[in-house]
file work-v1.cif (mmCIF, C-alpha atoms)
data_protein
loop_
_atom_site.label_atom_id
_atom_site.label_comp_id
_atom_site.auth_asym_id
_atom_site.auth_seq_id
_atom_site.Cartn_x
_atom_site.Cartn_y
_atom_site.Cartn_z
CA MET A 246 -8.98 82.68 18.61
CA GLU A 247 -5.94 81.84 20.78
CA TYR A 248 -8.25 80.96 23.66
CA PHE A 249 -9.22 77.74 21.89
CA GLY A 250 -5.57 76.67 21.76
CA GLY A 251 -2.92 76.40 19.08
CA GLN A 252 -4.35 73.44 17.16
CA ILE A 253 -7.61 75.13 16.27
CA THR A 254 -5.85 78.43 15.55
CA LYS A 255 -3.55 76.63 13.13
CA LEU A 256 -6.45 74.91 11.38
CA ILE A 257 -8.38 78.18 11.04
CA GLU A 258 -5.26 79.87 9.65
CA GLN A 259 -4.75 77.11 7.06
CA LEU A 260 -8.41 77.10 6.02
CA SER A 261 -8.50 80.88 5.62
CA ARG A 262 -5.80 80.61 2.95
CA LEU A 263 -8.30 78.90 0.65
CA PRO A 264 -9.97 81.09 -1.99
CA GLY A 265 -13.25 82.65 -0.89
CA VAL A 266 -12.76 81.53 2.71
CA GLY A 267 -12.65 84.51 5.06
CA ALA A 268 -11.91 84.50 8.78
CA LYS A 269 -15.49 83.71 9.82
CA THR A 270 -15.97 80.92 7.28
CA ALA A 271 -12.62 79.39 8.28
CA GLN A 272 -13.76 79.42 11.89
CA ARG A 273 -17.10 77.78 11.05
CA LEU A 274 -15.35 75.12 8.96
CA ALA A 275 -12.80 74.45 11.70
CA PHE A 276 -15.49 73.94 14.34
CA HIS A 277 -17.32 71.65 11.96
CA ILE A 278 -14.17 69.62 11.28
CA ILE A 279 -13.59 69.21 15.01
CA SER A 280 -17.14 67.98 15.45
CA MET A 281 -16.76 65.36 12.69
CA PRO A 282 -15.94 61.72 13.59
CA GLU A 283 -12.15 61.22 13.66
CA GLU A 284 -12.41 58.71 10.81
CA GLN A 285 -14.09 61.34 8.65
CA THR A 286 -11.34 63.91 9.29
CA GLU A 287 -8.77 61.34 8.22
CA ILE A 288 -10.65 60.68 4.97
CA LEU A 289 -10.77 64.42 4.23
CA SER A 290 -7.13 64.87 5.14
CA LYS A 291 -6.07 61.93 2.95
CA ALA A 292 -8.21 63.13 0.04
CA ILE A 293 -6.31 66.44 0.06
CA VAL A 294 -2.87 64.87 -0.01
CA ASP A 295 -3.87 62.12 -2.47
CA ALA A 296 -5.49 64.48 -4.93
CA LYS A 297 -2.43 66.73 -4.92
CA ARG A 298 0.07 63.86 -5.24
CA ASN A 299 -1.70 61.90 -7.93
CA THR A 300 -3.09 64.61 -10.14
CA HIS A 301 -1.18 66.03 -13.08
CA TYR A 302 -1.89 67.35 -16.55
CA CYS A 303 -3.33 65.10 -19.28
CA THR A 304 -0.52 64.59 -21.80
CA LYS A 305 -2.85 65.53 -24.66
CA CYS A 306 -5.26 68.28 -23.55
CA HIS A 307 -3.53 69.37 -20.31
CA THR A 308 -6.59 69.19 -18.12
CA LEU A 309 -6.18 67.68 -14.66
CA THR A 310 -6.27 63.91 -14.42
CA ASP A 311 -4.83 61.10 -12.35
CA GLY A 312 -4.17 58.93 -15.38
CA ASP A 313 -1.87 59.42 -18.35
CA LEU A 314 -4.69 60.66 -20.58
CA CYS A 315 -7.89 62.19 -19.20
CA PHE A 316 -11.23 60.42 -19.59
CA ILE A 317 -12.29 62.73 -22.42
CA CYS A 318 -9.14 62.27 -24.51
CA LYS A 319 -9.39 58.50 -23.87
CA ASN A 320 -13.04 58.28 -24.93
CA PRO A 321 -13.28 56.96 -28.52
CA LYS A 322 -16.82 58.33 -28.82
CA ARG A 323 -15.66 61.95 -28.64
CA ASP A 324 -15.22 63.84 -31.92
CA SER A 325 -11.45 64.19 -32.16
CA SER A 326 -11.65 66.58 -35.12
CA THR A 327 -12.87 69.46 -32.93
CA ILE A 328 -10.86 71.08 -30.15
CA MET A 329 -12.26 73.63 -27.73
CA VAL A 330 -9.64 75.91 -26.21
CA VAL A 331 -10.41 76.92 -22.60
CA GLU A 332 -8.45 78.82 -19.97
CA ASN A 333 -8.73 76.27 -17.15
CA PRO A 334 -10.24 72.92 -16.10
CA ARG A 335 -13.17 74.69 -14.41
CA ASP A 336 -14.27 76.15 -17.76
CA MET A 337 -14.01 72.71 -19.29
CA ALA A 338 -16.19 71.32 -16.47
CA ALA A 339 -18.77 74.02 -17.24
CA TYR A 340 -19.02 72.87 -20.89
CA GLU A 341 -19.19 69.23 -19.83
CA ARG A 342 -22.20 70.07 -17.70
CA THR A 343 -24.09 71.11 -20.86
CA GLN A 344 -23.71 67.45 -22.01
CA LYS A 345 -23.90 68.67 -25.63
CA TYR A 346 -20.31 69.30 -26.62
CA LYS A 347 -18.77 66.12 -27.97
CA GLY A 348 -15.35 67.29 -29.14
CA LEU A 349 -12.05 67.41 -27.28
CA TYR A 350 -10.51 70.26 -25.25
CA HIS A 351 -7.24 72.08 -24.85
CA VAL A 352 -6.60 73.70 -21.50
CA LEU A 353 -4.30 76.74 -21.64
CA HIS A 354 -3.91 77.16 -17.84
CA GLY A 355 -4.18 80.91 -18.11
CA ALA A 356 -4.57 83.66 -20.66
CA ILE A 357 -2.20 86.17 -22.22
CA SER A 358 -2.02 89.24 -19.98
CA PRO A 359 0.45 92.03 -20.73
CA MET A 360 -0.73 93.68 -17.48
CA LEU A 361 0.28 90.69 -15.34
CA GLY A 362 3.30 89.95 -17.53
CA ILE A 363 1.88 86.64 -18.79
CA GLY A 364 3.09 86.06 -22.34
CA PRO A 365 2.14 83.37 -24.91
CA SER A 366 4.99 81.14 -23.70
CA GLU A 367 3.60 80.98 -20.18
CA ILE A 368 0.38 79.23 -21.17
CA LYS A 369 -0.06 75.90 -22.99
CA LEU A 370 0.00 77.44 -26.49
CA LYS A 371 3.08 75.64 -27.83
CA GLU A 372 1.37 72.42 -26.75
CA LEU A 373 -1.74 73.40 -28.73
CA ILE A 374 0.32 73.97 -31.89
CA GLN A 375 2.05 70.60 -31.40
CA ARG A 376 -1.31 68.86 -31.45
CA PHE A 377 -1.82 69.82 -35.10
CA GLN A 378 1.13 67.62 -36.05
CA ASN A 379 -0.28 64.48 -34.46
CA GLU A 380 -4.04 64.92 -34.61
CA ASP A 381 -6.49 65.38 -37.47
CA ILE A 382 -8.15 68.59 -36.32
CA LYS A 383 -10.75 70.35 -38.45
CA GLU A 384 -12.05 73.09 -36.15
CA VAL A 385 -10.74 75.00 -33.16
CA ILE A 386 -13.40 76.66 -31.00
CA ILE A 387 -11.89 79.40 -28.87
CA SER A 388 -13.76 79.54 -25.59
CA THR A 389 -11.54 81.83 -23.53
CA SER A 390 -13.35 84.35 -21.26
CA SER A 391 -14.94 87.56 -22.49
CA THR A 392 -12.31 89.54 -20.57
CA LEU A 393 -9.47 91.64 -21.97
CA GLU A 394 -7.08 88.73 -21.37
CA GLY A 395 -9.45 86.17 -22.87
CA GLU A 396 -10.04 88.29 -25.98
CA THR A 397 -6.31 88.97 -26.42
CA THR A 398 -5.62 85.24 -26.19
CA ALA A 399 -8.42 84.44 -28.66
CA MET A 400 -7.02 86.95 -31.12
CA TYR A 401 -3.51 85.58 -30.72
CA ILE A 402 -4.58 81.99 -31.35
CA SER A 403 -6.69 83.00 -34.32
CA LYS A 404 -3.74 84.82 -35.91
CA LEU A 405 -1.56 81.76 -35.36
CA LEU A 406 -3.98 79.22 -36.80
CA LYS A 407 -5.74 80.99 -39.65
CA PRO A 408 -2.59 81.18 -41.85
CA ILE A 409 -2.29 77.37 -41.73
CA GLY A 410 -5.86 77.11 -43.06
CA MET A 411 -7.52 76.02 -39.81
CA LYS A 412 -11.19 76.77 -39.18
CA VAL A 413 -11.16 78.93 -36.04
CA THR A 414 -14.40 79.93 -34.31
CA ARG A 415 -15.16 82.00 -31.22
CA ILE A 416 -18.09 81.39 -28.84
CA ALA A 417 -20.93 83.93 -29.07
CA SER A 418 -21.09 86.92 -26.78
CA GLY A 419 -24.49 88.32 -25.78
CA VAL A 420 -27.27 88.57 -23.23
CA PRO A 421 -27.29 85.58 -20.84
CA VAL A 422 -30.45 83.45 -20.86
CA GLY A 423 -32.83 84.86 -18.24
CA GLY A 424 -30.92 88.16 -18.27
CA ASP A 425 -33.02 91.29 -17.93
CA ILE A 426 -31.99 93.76 -20.66
CA GLU A 427 -32.09 96.77 -18.34
CA TYR A 428 -29.37 95.33 -16.10
CA ILE A 429 -26.99 94.28 -18.88
CA ASP A 430 -23.91 96.46 -19.42
CA GLU A 431 -23.50 98.46 -22.64
CA VAL A 432 -20.57 96.45 -24.00
CA THR A 433 -22.52 93.19 -23.73
CA LEU A 434 -25.57 94.79 -25.36
CA LEU A 435 -23.43 96.05 -28.27
CA ARG A 436 -21.97 92.53 -28.66
CA ALA A 437 -25.46 91.03 -28.59
CA LEU A 438 -26.57 93.50 -31.26
CA GLU A 439 -23.56 92.84 -33.48
CA GLY A 440 -24.03 89.10 -33.16
CA ARG A 441 -27.75 89.15 -33.94
CA THR A 442 -29.14 86.31 -36.05
CA GLU A 443 -32.28 86.09 -38.17
CA ILE A 444 -35.26 84.31 -36.59
CA MET B 266 -16.51 65.47 -12.62
CA GLU B 267 -15.43 61.84 -13.27
CA TYR B 268 -13.46 63.01 -16.29
CA PHE B 269 -10.83 64.49 -13.98
CA GLY B 270 -10.29 61.10 -12.40
CA GLY B 271 -11.15 59.51 -9.07
CA GLN B 272 -8.76 61.47 -6.85
CA ILE B 273 -10.23 64.87 -7.65
CA THR B 274 -13.77 63.49 -7.55
CA LYS B 275 -13.09 62.11 -4.08
CA LEU B 276 -11.65 65.40 -2.86
CA ILE B 277 -14.60 67.38 -4.26
CA GLU B 278 -17.00 64.93 -2.60
CA GLN B 279 -15.26 65.29 0.77
CA LEU B 280 -15.11 69.08 0.57
CA SER B 281 -18.77 69.36 -0.36
CA ARG B 282 -19.71 67.69 2.95
CA LEU B 283 -18.48 70.79 4.78
CA PRO B 284 -21.16 73.29 5.86
CA GLY B 285 -21.88 76.05 3.36
CA VAL B 286 -19.77 74.36 0.69
CA GLY B 287 -21.87 73.52 -2.36
CA ALA B 288 -20.83 71.56 -5.45
CA LYS B 289 -19.32 74.58 -7.22
CA THR B 290 -17.40 75.84 -4.19
CA ALA B 291 -16.07 72.34 -3.52
CA GLN B 292 -14.85 72.19 -7.12
CA ARG B 293 -13.15 75.59 -6.87
CA LEU B 294 -11.49 74.62 -3.58
CA ALA B 295 -10.34 71.27 -5.01
CA PHE B 296 -8.71 72.92 -8.02
CA HIS B 297 -7.04 75.40 -5.72
CA ILE B 298 -5.73 72.64 -3.47
CA ILE B 299 -4.28 70.83 -6.48
CA SER B 300 -2.54 74.01 -7.58
CA MET B 301 -0.96 74.53 -4.13
CA PRO B 302 2.64 73.42 -3.45
CA GLU B 303 2.68 69.81 -2.17
CA GLU B 304 4.19 70.97 1.13
CA GLN B 305 1.26 73.31 1.66
CA THR B 306 -1.31 70.54 1.10
CA GLU B 307 0.49 68.45 3.70
CA ILE B 308 0.33 71.30 6.23
CA LEU B 309 -3.41 71.70 5.63
CA SER B 310 -4.00 67.97 5.79
CA LYS B 311 -2.05 67.67 9.05
CA ALA B 312 -3.81 70.67 10.59
CA ILE B 313 -7.16 68.91 10.04
CA VAL B 314 -6.12 65.66 11.69
CA ASP B 315 -4.17 67.38 14.49
CA ALA B 316 -6.98 69.76 15.40
CA LYS B 317 -9.45 66.88 15.56
CA ARG B 318 -7.17 64.58 17.56
CA ASN B 319 -5.96 67.11 20.09
CA THR B 320 -9.06 69.15 20.71
CA HIS B 321 -11.60 68.29 23.36
CA TYR B 322 -13.89 70.08 25.80
CA CYS B 323 -12.53 72.28 28.59
CA THR B 324 -13.22 70.39 31.83
CA LYS B 325 -14.77 73.50 33.36
CA CYS B 326 -16.68 75.48 30.70
CA HIS B 327 -16.84 72.83 27.96
CA THR B 328 -15.57 75.05 25.17
CA LEU B 329 -13.05 73.56 22.74
CA THR B 330 -9.43 73.54 23.81
CA ASP B 331 -6.28 71.46 23.38
CA GLY B 332 -5.36 71.77 27.05
CA ASP B 333 -7.10 70.53 30.19
CA LEU B 334 -8.65 73.92 30.94
CA CYS B 335 -9.21 76.55 28.23
CA PHE B 336 -7.28 79.81 28.24
CA ILE B 337 -10.25 81.71 29.62
CA CYS B 338 -10.90 79.38 32.57
CA LYS B 339 -7.14 79.37 33.27
CA ASN B 340 -6.85 83.16 33.22
CA PRO B 341 -6.78 84.51 36.83
CA LYS B 342 -7.73 87.98 35.57
CA ARG B 343 -11.18 86.87 34.46
CA ASP B 344 -14.09 87.50 36.80
CA SER B 345 -14.96 84.00 38.00
CA SER B 346 -18.18 85.14 39.73
CA THR B 347 -19.98 85.65 36.39
CA ILE B 348 -20.83 82.89 33.94
CA MET B 349 -22.23 83.51 30.48
CA VAL B 350 -24.17 80.56 29.07
CA VAL B 351 -23.80 80.17 25.28
CA GLU B 352 -24.94 77.52 22.83
CA ASN B 353 -21.60 76.86 21.15
CA PRO B 354 -17.92 77.92 21.00
CA ARG B 355 -18.65 80.21 18.00
CA ASP B 356 -20.99 82.32 20.13
CA MET B 357 -18.32 82.51 22.80
CA ALA B 358 -15.81 83.67 20.15
CA ALA B 359 -18.27 86.41 19.13
CA TYR B 360 -18.38 87.77 22.69
CA GLU B 361 -14.60 87.54 23.02
CA ARG B 362 -14.29 89.77 19.93
CA THR B 363 -16.07 92.55 21.82
CA GLN B 364 -13.10 92.51 24.27
CA LYS B 365 -15.43 93.82 26.98
CA TYR B 366 -16.79 90.73 28.67
CA LYS B 367 -14.46 89.67 31.45
CA GLY B 368 -16.37 86.81 33.07
CA LEU B 369 -16.28 83.09 32.35
CA TYR B 370 -18.44 81.01 30.00
CA HIS B 371 -20.43 77.82 29.95
CA VAL B 372 -20.90 76.17 26.56
CA LEU B 373 -24.07 74.07 26.27
CA HIS B 374 -23.25 72.52 22.86
CA GLY B 375 -26.81 72.91 21.67
CA ALA B 376 -30.19 74.12 22.83
CA ILE B 377 -33.34 72.39 24.00
CA SER B 378 -35.49 71.57 20.97
CA PRO B 379 -38.64 69.50 21.35
CA MET B 380 -38.95 69.63 17.54
CA LEU B 381 -35.58 67.95 17.01
CA GLY B 382 -35.98 65.77 20.09
CA ILE B 383 -33.15 67.46 21.99
CA GLY B 384 -33.95 67.43 25.69
CA PRO B 385 -32.16 69.08 28.66
CA SER B 386 -30.02 65.98 29.20
CA GLU B 387 -28.53 66.17 25.73
CA ILE B 388 -26.84 69.52 26.32
CA LYS B 389 -24.28 70.46 29.02
CA LEU B 390 -26.88 71.52 31.57
CA LYS B 391 -26.04 68.99 34.27
CA GLU B 392 -22.44 70.24 34.00
CA LEU B 393 -23.66 73.82 34.50
CA ILE B 394 -25.50 72.86 37.68
CA GLN B 395 -22.41 71.02 38.96
CA ARG B 396 -20.37 74.21 38.64
CA PHE B 397 -22.43 75.85 41.39
CA GLN B 398 -21.07 73.31 43.87
CA ASN B 399 -17.42 74.11 43.19
CA GLU B 400 -17.43 77.74 42.09
CA ASP B 401 -18.50 80.96 43.75
CA ILE B 402 -20.90 82.22 41.08
CA LYS B 403 -22.93 85.40 41.60
CA GLU B 404 -24.55 85.94 38.20
CA VAL B 405 -25.50 83.77 35.24
CA ILE B 406 -25.99 85.66 31.96
CA ILE B 407 -28.03 83.58 29.53
CA SER B 408 -26.86 84.34 26.03
CA THR B 409 -28.57 81.62 24.02
CA SER B 410 -29.93 82.64 20.59
CA SER B 411 -33.15 84.59 20.07
CA THR B 412 -34.69 81.53 18.42
CA LEU B 413 -37.46 79.30 19.71
CA GLU B 414 -34.84 76.81 20.93
CA GLY B 415 -32.66 79.49 22.48
CA GLU B 416 -35.60 81.05 24.30
CA THR B 417 -36.84 77.67 25.55
CA THR B 418 -33.36 76.90 26.89
CA ALA B 419 -33.10 80.32 28.55
CA MET B 420 -36.47 79.80 30.24
CA TYR B 421 -35.48 76.30 31.41
CA ILE B 422 -32.19 77.47 32.95
CA SER B 423 -33.86 80.42 34.59
CA LYS B 424 -36.47 78.14 36.20
CA LEU B 425 -33.70 75.87 37.45
CA LEU B 426 -31.51 78.58 38.94
CA LYS B 427 -33.90 81.17 40.33
CA PRO B 428 -35.23 78.88 43.11
CA ILE B 429 -31.68 78.50 44.45
CA GLY B 430 -31.42 82.30 44.70
CA MET B 431 -29.10 82.83 41.73
CA LYS B 432 -29.13 86.12 39.83
CA VAL B 433 -30.09 85.13 36.28
CA THR B 434 -30.04 87.68 33.44
CA ARG B 435 -30.85 87.47 29.74
CA ILE B 436 -29.10 89.50 27.00
CA ALA B 437 -31.20 92.29 25.49
CA SER B 438 -33.22 91.76 22.33
CA GLY B 439 -33.74 94.72 19.97
CA VAL B 440 -32.78 96.57 16.82
CA PRO B 441 -29.19 95.78 15.74
CA VAL B 442 -26.79 98.74 15.60
CA GLY B 443 -26.94 100.22 12.09
CA GLY B 444 -30.28 98.48 11.49
CA ASP B 445 -32.82 100.42 9.48
CA ILE B 446 -36.17 100.32 11.33
CA GLU B 447 -38.21 99.78 8.17
CA TYR B 448 -36.48 96.47 7.46
CA ILE B 449 -36.70 95.05 10.99
CA ASP B 450 -39.30 92.34 11.55
CA GLU B 451 -42.30 92.97 13.83
CA VAL B 452 -41.24 90.57 16.58
CA THR B 453 -37.86 92.29 16.96
CA LEU B 454 -39.51 95.72 16.98
CA LEU B 455 -41.91 94.61 19.72
CA ARG B 456 -38.96 93.29 21.75
CA ALA B 457 -37.08 96.55 21.22
CA LEU B 458 -40.14 98.49 22.40
CA GLU B 459 -40.66 96.29 25.45
CA GLY B 460 -36.99 96.58 26.38
CA ARG B 461 -36.84 100.36 26.02
CA THR B 462 -34.70 102.26 28.51
CA GLU B 463 -34.78 105.90 29.62
CA ILE B 464 -32.22 108.20 27.99
#
call {"tool": "encode", "arguments": {"input": "work-v1.cif", "output": "structure tokens"}}
result
Amino acid sequence: MEYFGGQITKLIEQLSRLPGVGAKTAQRLAFHIISMPEEQTEILSKAIVDAKRNTHYCTKCHTLTDGDLCFICKNPKRDSSTIMVVENPRDMAAYERTQKYKGLYHVLHGAISPMLGIGPSEIKLKELIQRFQNEDIKEVIISTSSTLEGETTAMYISKLLKPIGMKVTRIASGVPVGGDIEYIDEVTLLRALEGRTEI
Amino acid sequence: MEYFGGQITKLIEQLSRLPGVGAKTAQRLAFHIISMPEEQTEILSKAIVDAKRNTHYCTKCHTLTDGDLCFICKNPKRDSSTIMVVENPRDMAAYERTQKYKGLYHVLHGAISPMLGIGPSEIKLKELIQRFQNEDIKEVIISTSSTLEGETTAMYISKLLKPIGMKVTRIASGVPVGGDIEYIDEVTLLRALEGRTEI
């Protein structure tokens, strides 16, 4: 892309570092950015720097926020006796979209992975334990992914919390709504079978 | 996404204005940007503003460049007697990737579209005509898209240039390499048949 000059090449290079953005997408985005009004490019550019500079972890649940506490931890209408443990803010956003869960969250920022060398001390587990000293928590819902790492983390947390008499639950595993049985993998089908409920 | 605070919401909103970036992709990109080192976000942010500020149209072929002339128009090794007419710089980039075309380009920045109200004066057609006064052009290859707009534009240019004795050619239409005949639409198959060559 050198024939367009160094400025565009640099922009394409920077954009292609973003996740899911390949060479062609980066090029399309770059051309779009150049065709935007200058004012608009400045707004985008500022939004990037501002979001990075002013966003940090909520002091309570460790999700991303630009305040001291996030809007969920600050909301007196949320049920503070229930904490849902998730791997990252994106998973939390997914539950918020259901508009049904009214408890609080705890964001681990990762999952235990012996393969990648990520131990319990590298995720926000100590911070989860600390919350039991200050908050009146009755149930912990473990909503880590259904991956090896997510399951390992769920098991680890459960073993930590059960001895202190905490109610620990795990989200159900099974066939996704709208999922055609014939295309579902065996492990998921076995989970769905094991977790069957009476109708 | 308000629960993450205004800064992230603003970034997600700005990112989702980019082409092909939906709400979920914008969210994933925003979280990635926040997890990048601050220095890296500044480089990205600067690349956006710099590319916009310093990029304009090549005075000869009207592609994007940060110089006066683009690298292709400046290159004495290119065959200046052949001009390929394309709709946008992305199409030009596609031909450059073939590394076989050695002529120059002319970027129209659009195509004639009665549906969208885009007439001949809204694309760089006048500029194409002007080039014939200053340059020694022997062939014009029309490489606009195989869409209604692209074909209309090709026809329009051809009608303009043929009366002045210019050799005007149109790129071939047919079955893409690796394309399975059974999945090719009828119009393309008819074009491929019409354009058949002896082997």
call {"tool": "residues_around", "arguments": {"input": "work-v1.cif", "residues": "Thr306 in chain B", "least_positions_apart": "4", "cutoff": "8 Å", "atoms": "only C-alpha atoms", "output": "VMD selection string"}}
result
(chain A and resid 293 to 294 297) or (chain B and resid 298 301 to 302 310)
call {"tool": "resolve_selection", "arguments": {"input": "work-v1.cif", "expression": "the PyMOL selection byres ((chain A and resi 308) around 8)", "output": "ChimeraX atom specification"}}
result
/A:302-303,306-307,309-310,315,333-334,351-352 /B:269
call {"tool": "closest_atom_pairs", "arguments": {"input": "work-v1.cif", "of": "chain B", "to": "chain A", "cutoff": "9 Å", "atoms": "all atoms listed in the file", "output": "JSON lines"}}
result
{"residue": "B:Met266", "atom": "CA", "partner": "A:Ala338", "partner_atom": "CA", "distance": 7.0}
{"residue": "B:Glu267", "atom": "CA", "partner": "A:Phe316", "partner_atom": "CA", "distance": 7.7}
{"residue": "B:Tyr268", "atom": "CA", "partner": "A:Phe316", "partner_atom": "CA", "distance": 4.8}
{"residue": "B:Phe269", "atom": "CA", "partner": "A:Thr310", "partner_atom": "CA", "distance": 4.6}
{"residue": "B:Gly270", "atom": "CA", "partner": "A:Thr310", "partner_atom": "CA", "distance": 5.3}
{"residue": "B:Gly271", "atom": "CA", "partner": "A:Asp311", "partner_atom": "CA", "distance": 7.3}
{"residue": "B:Gln272", "atom": "CA", "partner": "A:Ala296", "partner_atom": "CA", "distance": 4.8}
{"residue": "B:Ile273", "atom": "CA", "partner": "A:Ala296", "partner_atom": "CA", "distance": 5.5}
{"residue": "B:Thr274", "atom": "CA", "partner": "A:Ala296", "partner_atom": "CA", "distance": 8.7}
{"residue": "B:Lys275", "atom": "CA", "partner": "A:Ala292", "partner_atom": "CA", "distance": 6.5}
{"residue": "B:Leu276", "atom": "CA", "partner": "A:Ala292", "partner_atom": "CA", "distance": 5.0}
{"residue": "B:Ile277", "atom": "CA", "partner": "A:Ala292", "partner_atom": "CA", "distance": 8.8}
{"residue": "B:Gln279", "atom": "CA", "partner": "A:Leu289", "partner_atom": "CA", "distance": 5.7}
{"residue": "B:Leu280", "atom": "CA", "partner": "A:Leu289", "partner_atom": "CA", "distance": 7.3}
{"residue": "B:Leu283", "atom": "CA", "partner": "A:Leu274", "partner_atom": "CA", "distance": 6.8}
{"residue": "B:Pro284", "atom": "CA", "partner": "A:Leu274", "partner_atom": "CA", "distance": 6.8}
{"residue": "B:Gly285", "atom": "CA", "partner": "A:Thr270", "partner_atom": "CA", "distance": 8.6}
{"residue": "B:Thr290", "atom": "CA", "partner": "A:Gly265", "partner_atom": "CA", "distance": 8.6}
{"residue": "B:Gln292", "atom": "CA", "partner": "A:Arg335", "partner_atom": "CA", "distance": 7.9}
{"residue": "B:Arg293", "atom": "CA", "partner": "A:Arg335", "partner_atom": "CA", "distance": 7.6}
{"residue": "B:Leu294", "atom": "CA", "partner": "A:Leu263", "partner_atom": "CA", "distance": 6.8}
{"residue": "B:Ala295", "atom": "CA", "partner": "A:Ile293", "partner_atom": "CA", "distance": 8.1}
{"residue": "B:Phe296", "atom": "CA", "partner": "A:Arg335", "partner_atom": "CA", "distance": 8.0}
{"residue": "B:His297", "atom": "CA", "partner": "A:Leu263", "partner_atom": "CA", "distance": 7.4}
{"residue": "B:Ile298", "atom": "CA", "partner": "A:Lys297", "partner_atom": "CA", "distance": 6.9}
{"residue": "B:Ile299", "atom": "CA", "partner": "A:Lys297", "partner_atom": "CA", "distance": 4.8}
{"residue": "B:Ser300", "atom": "CA", "partner": "A:Lys297", "partner_atom": "CA", "distance": 7.8}
{"residue": "B:Met301", "atom": "CA", "partner": "A:Lys297", "partner_atom": "CA", "distance": 8.0}
{"residue": "B:Pro302", "atom": "CA", "partner": "A:Lys297", "partner_atom": "CA", "distance": 8.5}
{"residue": "B:Glu303", "atom": "CA", "partner": "A:Lys297", "partner_atom": "CA", "distance": 6.6}
{"residue": "B:Gln305", "atom": "CA", "partner": "A:Gln259", "partner_atom": "CA", "distance": 8.9}
{"residue": "B:Thr306", "atom": "CA", "partner": "A:Val294", "partner_atom": "CA", "distance": 6.0}
{"residue": "B:Glu307", "atom": "CA", "partner": "A:Val294", "partner_atom": "CA", "distance": 6.2}
{"residue": "B:Ile308", "atom": "CA", "partner": "A:Gln259", "partner_atom": "CA", "distance": 7.8}
{"residue": "B:Leu309", "atom": "CA", "partner": "A:Gln259", "partner_atom": "CA", "distance": 5.8}
{"residue": "B:Ser310", "atom": "CA", "partner": "A:Ser290", "partner_atom": "CA", "distance": 4.5}
{"residue": "B:Lys311", "atom": "CA", "partner": "A:Ser290", "partner_atom": "CA", "distance": 7.0}
{"residue": "B:Ala312", "atom": "CA", "partner": "A:Leu256", "partner_atom": "CA", "distance": 5.1}
{"residue": "B:Ile313", "atom": "CA", "partner": "A:Leu256", "partner_atom": "CA", "distance": 6.2}
{"residue": "B:Val314", "atom": "CA", "partner": "A:Thr286", "partner_atom": "CA", "distance": 6.0}
{"residue": "B:Asp315", "atom": "CA", "partner": "A:Gln252", "partner_atom": "CA", "distance": 6.6}
{"residue": "B:Ala316", "atom": "CA", "partner": "A:Gln252", "partner_atom": "CA", "distance": 4.9}
{"residue": "B:Lys317", "atom": "CA", "partner": "A:Ile279", "partner_atom": "CA", "distance": 4.8}
{"residue": "B:Arg318", "atom": "CA", "partner": "A:Glu283", "partner_atom": "CA", "distance": 7.2}
{"residue": "B:Asn319", "atom": "CA", "partner": "A:Gln252", "partner_atom": "CA", "distance": 7.2}
{"residue": "B:Thr320", "atom": "CA", "partner": "A:Ile279", "partner_atom": "CA", "distance": 7.3}
{"residue": "B:His321", "atom": "CA", "partner": "A:Ile279", "partner_atom": "CA", "distance": 8.6}
{"residue": "B:Thr328", "atom": "CA", "partner": "A:Phe249", "partner_atom": "CA", "distance": 7.6}
{"residue": "B:Leu329", "atom": "CA", "partner": "A:Phe249", "partner_atom": "CA", "distance": 5.7}
{"residue": "B:Thr330", "atom": "CA", "partner": "A:Phe249", "partner_atom": "CA", "distance": 4.6}
{"residue": "B:Asp331", "atom": "CA", "partner": "A:Gly250", "partner_atom": "CA", "distance": 5.5}
{"residue": "B:Gly332", "atom": "CA", "partner": "A:Gly250", "partner_atom": "CA", "distance": 7.2}
{"residue": "B:Cys335", "atom": "CA", "partner": "A:Tyr248", "partner_atom": "CA", "distance": 6.4}
{"residue": "B:Phe336", "atom": "CA", "partner": "A:Tyr248", "partner_atom": "CA", "distance": 4.8}
{"residue": "B:Ile337", "atom": "CA", "partner": "A:Tyr248", "partner_atom": "CA", "distance": 6.3}
{"residue": "B:Pro354", "atom": "CA", "partner": "A:Phe276", "partner_atom": "CA", "distance": 8.1}
{"residue": "B:Arg355", "atom": "CA", "partner": "A:Arg273", "partner_atom": "CA", "distance": 7.5}
{"residue": "B:Ala358", "atom": "CA", "partner": "A:Met246", "partner_atom": "CA", "distance": 7.1}
{"residue": "B:Glu361", "atom": "CA", "partner": "A:Met246", "partner_atom": "CA", "distance": 8.6}
{"residue": "B:Arg362", "atom": "CA", "partner": "A:Met246", "partner_atom": "CA", "distance": 9.0}
call {"tool": "resolve_selection", "arguments": {"input": "work-v1.cif", "expression": "the PyMOL selection byres ((chain A and resi 381) around 6)", "output": "ChimeraX atom specification"}}
result
/A:326,380,382
call {"tool": "write_last_selection", "arguments": {"input": "work-v1.cif", "atoms": "C-alpha atoms", "output": "PDB file, in the coordinates of the input"}}
result
ATOM      1  CA  SER A 326     -11.650  66.580 -35.120  1.00  0.00           C
ATOM      2  CA  GLU A 380      -4.040  64.920 -34.610  1.00  0.00           C
ATOM      3  CA  ILE A 382      -8.150  68.590 -36.320  1.00  0.00           C
TER       4      ILE A 382
END
call {"tool": "atom_distance", "arguments": {"input": "work-v1.cif", "atom1": "CA of Leu393 in chain B", "atom2": "CA of Ile407 in chain B"}}
result
11.8 Å
call {"tool": "resolve_selection", "arguments": {"input": "work-v1.cif", "expression": "the PyMOL selection byres ((chain A and resi 401-403) around 10)", "output": "ChimeraX atom specification"}}
result
/A:330,357,365,370,373-374,385-387,395-400,404-408,411-415
